[in-house]
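S.K.: Next up is a structure, given as structure tokens.
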Amino acid sequence: MSDEKGMSEKKDMSEGKNMSDEQGMITGIDVPIVHKYNFTAGAAPTRFLAQVKKGKLTGGRCPKCSAVYIPPRGSCASCGVATEDEVELADKATVQSFTIVAIPIPNNPIQPPYIIANVVVDGANISFIHLMSECVNEDVHVGQRVQAVWKPPEEWDYAMDNIRYFKPIDEPDVPVEKIGKLPVTGWEG
């Protein structure tokens, strides 16, 4: 019986009939996605977020190679040792790389074009990604000096969006070879 059904299906297929021919080609579908998850920050990110809620940026320093990670990860990616030493950092930074976003992202309140940049905070050795604003997009460049623009303190929470964005400041550009090597005191040009 199933052989007969299978044969009839094959016969229909051999006659060139299939769903695509009857309904047209399917080019896309809308599918709602629900993604529920719990995030456990861990000790180093928890300390970092507690400081961000106070309007401070901190990093974790490696006791072996002295690299400073922001946000701290709890261990050095290069050496594999714990980064227990907490270092207070400035809210000034240098643009390490950037992109001009021109395509709208669904449900994103920020309308393109806008800049997303990897910034290296003074005193840190690696970058993190953040929004840039108060700038002409075409004028943004690697080595440009920027500073965090914070939300009002009463809106601060345990989140990086306490910093609304980074904006350009009137300081000399940092040469590419010096990015990620500045002291907490910043760039003197």
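Going through the structure tokens in order, the chains are called A, B, and so on, while each chain numbers its residues from 1 and the ligands are numbered from 1 in the order shown.
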If you count only C-alpha atoms, which residues fall within 10 Å of A:Ile103, apart from same-chain ones fewer than 2 positions away, as a short mmCIF file (atom, residue, chain, number, x, y, z; two decimals) with C-alpha atoms, in the first residue's frame?

M.R.:
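Output saved as out18.cif:
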```cif
data_model
loop_
_atom_site.label_atom_id
_atom_site.label_comp_id
_atom_site.auth_asym_id
_atom_site.auth_seq_id
_atom_site.Cartn_x
_atom_site.Cartn_y
_atom_site.Cartn_z
CA ILE A 100 29.35 53.50 9.26
CA VAL A 101 26.11 51.55 9.59
CA ILE A 105 18.30 47.16 12.02
CA PRO A 106 14.76 45.99 12.92
CA GLN A 111 18.34 55.34 12.49
CA PRO A 112 21.19 55.05 9.98
CA PRO A 113 23.63 56.27 9.08
CA TYR A 114 25.51 56.05 12.37
#
```

S.K.: Residues within 10 Å of A:Leu49, please, as a list in words. Count only C-alpha atoms; anything in the same chain fewer than 3 positions from it doesn't count.

M.R.: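 Close residues of A:Leu49: Ala41, Ala44, Pro45, Thr46, Val52, Lys53, Lys54, Gly55, Lys56, Leu57, Thr58, Pro71, Pro72, Asp157, Tyr158, Ala159 and Met160 of chain A.
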
S.K.: Would you list, as number ranges by chain, the residues of stretch 5-185 of chain A that end up in helix (DSSP H, G or I) under DSSP run on this structure's backbone?

M.R.: A: 5-14, 19-23, 43-52, 137-139, 153-155, 160-162, 176-178

S.K.: Near A:Gln147, counting only C-alpha atoms, which residues have an atom at most 10 Å away, once you skip same-chain residues fewer than 2 positions from it, shown as a list of chain:residue names?

M.R.: A:Ala90, A:Asp91, A:Lys92, A:Ala93, A:Thr94, A:Val119, A:Val121, A:Met132, A:Arg145, A:Val149, A:Trp150, A:Ile163, A:Tyr165, A:Phe166, A:Lys167, A:Pro168, A:Ile169, A:Asp170

S.K.: List every residue of stretch 1-162 of chain A that DSSP, applied to the backbone, labels as strand (DSSP E), and write the result as a PyMOL selection string.

M.R.: chain A and resi 57-61+68-69+85-89+92-101+114-121+128-132+145-150

S.K.: Convert the current residue selection to file output with C-alpha atoms, as a PDB file, in the first residue's frame.

M.R.:
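File produced: again-v1.pdb:
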```pdb
ATOM      1  CA  LEU A  57      35.275  52.544  34.087  1.00  0.00           C
ATOM      2  CA  THR A  58      37.591  49.861  35.431  1.00  0.00           C
ATOM      3  CA  GLY A  59      39.761  47.195  33.907  1.00  0.00           C
ATOM      4  CA  GLY A  60      41.466  44.050  35.089  1.00  0.00           C
ATOM      5  CA  ARG A  61      45.283  44.032  34.954  1.00  0.00           C
ATOM      6  CA  VAL A  68      44.567  45.794  31.046  1.00  0.00           C
ATOM      7  CA  TYR A  69      41.244  44.358  29.891  1.00  0.00           C
ATOM      8  CA  ASP A  85      44.065  43.753  40.111  1.00  0.00           C
ATOM      9  CA  GLU A  86      41.335  46.315  39.363  1.00  0.00           C
ATOM     10  CA  VAL A  87      42.479  49.511  37.612  1.00  0.00           C
ATOM     11  CA  GLU A  88      40.374  52.680  37.380  1.00  0.00           C
ATOM     12  CA  LEU A  89      40.410  54.024  33.830  1.00  0.00           C
ATOM     13  CA  LYS A  92      38.597  59.154  27.210  1.00  0.00           C
ATOM     14  CA  ALA A  93      39.519  56.771  24.409  1.00  0.00           C
ATOM     15  CA  THR A  94      40.986  56.379  20.927  1.00  0.00           C
ATOM     16  CA  VAL A  95      39.154  55.042  17.875  1.00  0.00           C
ATOM     17  CA  GLN A  96      40.851  51.792  16.853  1.00  0.00           C
ATOM     18  CA  SER A  97      38.402  50.877  14.074  1.00  0.00           C
ATOM     19  CA  PHE A  98      34.872  51.837  13.065  1.00  0.00           C
ATOM     20  CA  THR A  99      32.081  51.256  10.603  1.00  0.00           C
ATOM     21  CA  ILE A 100      29.352  53.495   9.255  1.00  0.00           C
ATOM     22  CA  VAL A 101      26.112  51.551   9.595  1.00  0.00           C
ATOM     23  CA  TYR A 114      25.507  56.049  12.374  1.00  0.00           C
ATOM     24  CA  ILE A 115      28.948  55.011  13.619  1.00  0.00           C
ATOM     25  CA  ILE A 116      29.859  51.949  15.646  1.00  0.00           C
ATOM     26  CA  ALA A 117      33.492  52.073  16.793  1.00  0.00           C
ATOM     27  CA  ASN A 118      35.993  49.930  18.616  1.00  0.00           C
ATOM     28  CA  VAL A 119      37.463  52.319  21.174  1.00  0.00           C
ATOM     29  CA  VAL A 120      40.491  51.755  23.398  1.00  0.00           C
ATOM     30  CA  VAL A 121      40.093  53.560  26.715  1.00  0.00           C
ATOM     31  CA  PHE A 128      35.366  47.479  23.195  1.00  0.00           C
ATOM     32  CA  ILE A 129      32.570  48.393  20.825  1.00  0.00           C
ATOM     33  CA  HIS A 130      30.342  51.413  21.345  1.00  0.00           C
ATOM     34  CA  LEU A 131      28.255  53.996  19.527  1.00  0.00           C
ATOM     35  CA  MET A 132      29.703  57.340  18.373  1.00  0.00           C
ATOM     36  CA  ARG A 145      40.310  60.975  20.342  1.00  0.00           C
ATOM     37  CA  VAL A 146      36.850  60.555  21.874  1.00  0.00           C
ATOM     38  CA  GLN A 147      35.179  60.841  25.266  1.00  0.00           C
ATOM     39  CA  ALA A 148      32.207  59.096  26.843  1.00  0.00           C
ATOM     40  CA  VAL A 149      28.907  60.960  27.098  1.00  0.00           C
ATOM     41  CA  TRP A 150      27.121  59.521  30.116  1.00  0.00           C
TER      42      TRP A 150
END
```

S.K.: Suppose you want the space between atom CA of A:Pro175 and atom CA of A:Glu188; what is it in Å?

M.R.: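 That distance, rounded to one decimal, is 11.6 Å.
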
S.K.: Restricting the calculation to only C-alpha atoms, which member of A:Ile110, A:Val136, A:Ile126, A:Val34 is positioned closest to A:Ser78?

M.R.: A:Ile126

S.K.: To one decimal place in Å, what is the distance between atom CA of A:Arg73 and atom CA of A:His35?

M.R.: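 Computed distance, atom CA of A:Arg73 to atom CA of A:His35, equals 24.6 Å.
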
S.K.: Quick one: of A:Pro172, A:Pro104, A:Gly186, A:Gly123, who's nearest to A:Ile70, counting only C-alpha atoms?

M.R.: A:Gly123

S.K.: Find the spatial neighbours of A:Trp187, counting only C-alpha atoms, within a cut-off of 8 Å - ignore same-chain residues fewer than 4 positions away - and output them as a ChimeraX atom specification.

M.R.: /A:122,171-172,174,182-183

S.K.: Kindly give the distance, in Å, that separates atom CA of A:Lys36 and atom CA of A:Pro152, rounded to a single decimal.

M.R.: 29.6 Å
